[in-house]
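For reference, the structure discussed in these notes is given below.
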Amino acid sequence: MTDAADEHRITVTVNGEPHAVEVEPRLLLVHLLREGLRLTGTHIGCDTTNCGACTVLYDGTPVKSCTMLAVQADGHEITTVEGLGSLSELDPVQEGFTIEHGLQCGFCTPGMMLTAKALITNNPNPSEEDVRWGLSGNLCRCTGYQNIVKAVLWAAAKQHGHVAETNGQGTTVSGRT
Ligand code: FES
Ligand code: FES
């Protein structure tokens, strides 16, 4: 059992909403999100920093939340997949994954989308190689990487106002400069 005196009071902003919570020093961020805040869109695939299913944005930077302590989030902003868009207004990354069929079972998808969001925010016009390199810390067990890459390129085009065109075999992105 943990003595209440061992707990730390932290304030963390998750998807724009501040939360003041008491946490054990050893609590992982992913467990705070999933069990403490019931944000189960953040998945646990390996628990060993390999798969990226638990990726969230930490002040805009992708981090693997199975590798961070909850106390490290004190005073910081976390974005989970639940905060990426809404049913009425999907984020371009969510639109891209829908239009380009960027998911199969969907287990890796929340982490993929958050990594992709940071990638296209920092690099408005990524090449296919940029996307593959940027997503290299996120594993897909369904091995659908081709459509994931297309989804991220589509999202970059949408977010930054490039032109997205259809060629009859799915949507492709043009307008790279
Ligand atoms: S669950 Fe965190 S990297 Fe796999
Ligand atoms: S879509 Fe199944 S693990 Fe990626």
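Labeling convention for the structure tokens: chains A, B, ... as they appear, residues from 1 per chain, ligands from 1 in order of appearance.
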
Per residue of chain A within 8 Å of ligand 2, record the nearest atom pair and its distance in Å to one decimal, counting only C-alpha atoms and all ligand atoms, with rows in chain order and ascending residue number, as a Markdown table.
```
| residue | atom | partner | partner_atom_place_in_ligand_line | distance |
| --- | --- | --- | --- | --- |
| A:Gly102 | CA | ligand 2 | 1 (S) | 7.4 |
| A:Leu103 | CA | ligand 2 | 1 (S) | 4.3 |
| A:Gln104 | CA | ligand 2 | 1 (S) | 3.9 |
| A:Cys105 | CA | ligand 2 | 2 (Fe) | 3.9 |
| A:Gly106 | CA | ligand 2 | 1 (S) | 4.1 |
| A:Phe107 | CA | ligand 2 | 3 (S) | 4.8 |
| A:Cys108 | CA | ligand 2 | 4 (Fe) | 4.3 |
| A:Thr109 | CA | ligand 2 | 4 (Fe) | 6.0 |
| A:Leu139 | CA | ligand 2 | 4 (Fe) | 6.9 |
| A:Cys140 | CA | ligand 2 | 4 (Fe) | 3.6 |
| A:Arg141 | CA | ligand 2 | 3 (S) | 4.0 |
| A:Cys142 | CA | ligand 2 | 2 (Fe) | 4.2 |
| A:Thr143 | CA | ligand 2 | 4 (Fe) | 6.5 |
| A:Gly144 | CA | ligand 2 | 1 (S) | 6.5 |
```

Write a file of the just-selected residues containing C-alpha atoms, as a CSV table (one decimal), in the first residue's frame.
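Okay, this is what ended up in part.csv:
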```csv
chain,number,residue,atom,x,y,z
A,102,GLY,CA,-4.8,4.4,-43.0
A,103,LEU,CA,-5.9,1.8,-40.5
A,104,GLN,CA,-6.9,-1.8,-40.2
A,105,CYS,CA,-7.5,-3.0,-36.6
A,106,GLY,CA,-6.9,0.6,-35.4
A,107,PHE,CA,-4.7,-0.4,-32.4
A,108,CYS,CA,-1.7,1.7,-33.5
A,109,THR,CA,-3.8,4.5,-34.9
A,139,LEU,CA,4.8,0.1,-35.2
A,140,CYS,CA,1.7,-1.3,-37.0
A,141,ARG,CA,1.1,-5.0,-36.4
A,142,CYS,CA,-1.3,-5.0,-39.4
A,143,THR,CA,1.6,-3.8,-41.5
A,144,GLY,CA,-0.4,-1.2,-43.4
```

Give as a VMD selection string the residues surrounding ligand 1 up to a distance of 7 Å, considering only C-alpha atoms and all ligand atoms. chain A and resid 43 to 55 64 to 67

Based on the backbone DSSP call, show me all residues of stretch 3-168 of chain A assigned strand (DSSP E or B), as a PyMOL selection string. chain A and resi 8-14+17-23+28+55-58+61-64+69+77-79+163-166

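DSSP on the backbone gives alpha helix (DSSP H) for these parts of stretch 85-131 of chain A: Pro92, Val93, Gln94, Glu95, Gly96, Phe97, Thr98, Ile99, Thr109, Pro110, Gly111, Met112, Met113, Leu114, Thr115, Ala116, Lys117, Ala118, Leu119, Ile120, Thr121, Asn122, Glu128, Glu129, Asp130 and Val131 of chain A.
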
If you measure from atom CA of A:Leu32 to atom CA of A:Leu87, what distance in Å do you get, rounded to one decimal? 24.4 Å

A:Gly134, A:Gly83, A:Gly161, A:Pro124 ranked by distance to A:Gly41, top pick (using only C-alpha atoms): A:Gly83

So that I can see what lies close to stretch 19-31 of chain A, please list as a ChimeraX atom specification the residues with an atom at most 6 Å from it, counting only C-alpha atoms and leaving out residues fewer than 5 positions away in the same chain. /A:7-13,65-66,68-70

Distance in Å - atom CA of A:Gln159 versus atom CA of A:Ile99: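 Going from atom CA of A:Gln159 over to atom CA of A:Ile99, I get 14.4 Å.
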
Just the residues within 10 Å of A:Leu119, please, counting only C-alpha atoms, with nothing from its chain fewer than 2 positions along; format it as a PyMOL selection string. chain A and resi 61-62+113-117+121-126+130-131+134-135+152+156

At most 9 Å is the cut-off: for each residue in stretch 49-157 of chain A with any atom that close to an atom of stretch 36-40 of chain A, write down the nearest atom pair and the distance in Å rounded to one decimal, counting only C-alpha atoms, chain first then increasing number, as JSON lines.
```
{"residue": "A:Thr80", "atom": "CA", "partner": "A:Leu39", "partner_atom": "CA", "distance": 7.7}
{"residue": "A:Val81", "atom": "CA", "partner": "A:Leu39", "partner_atom": "CA", "distance": 8.7}
{"residue": "A:Glu82", "atom": "CA", "partner": "A:Leu39", "partner_atom": "CA", "distance": 7.2}
```

Å distance separating atom CA of A:Leu153 from atom CA of A:Phe97, one decimal place: 10.0 Å

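Closest to A:Pro110 among A:Arg132, A:Gly60, A:Thr42, A:Lys150 is A:Thr42, based on only C-alpha atoms.
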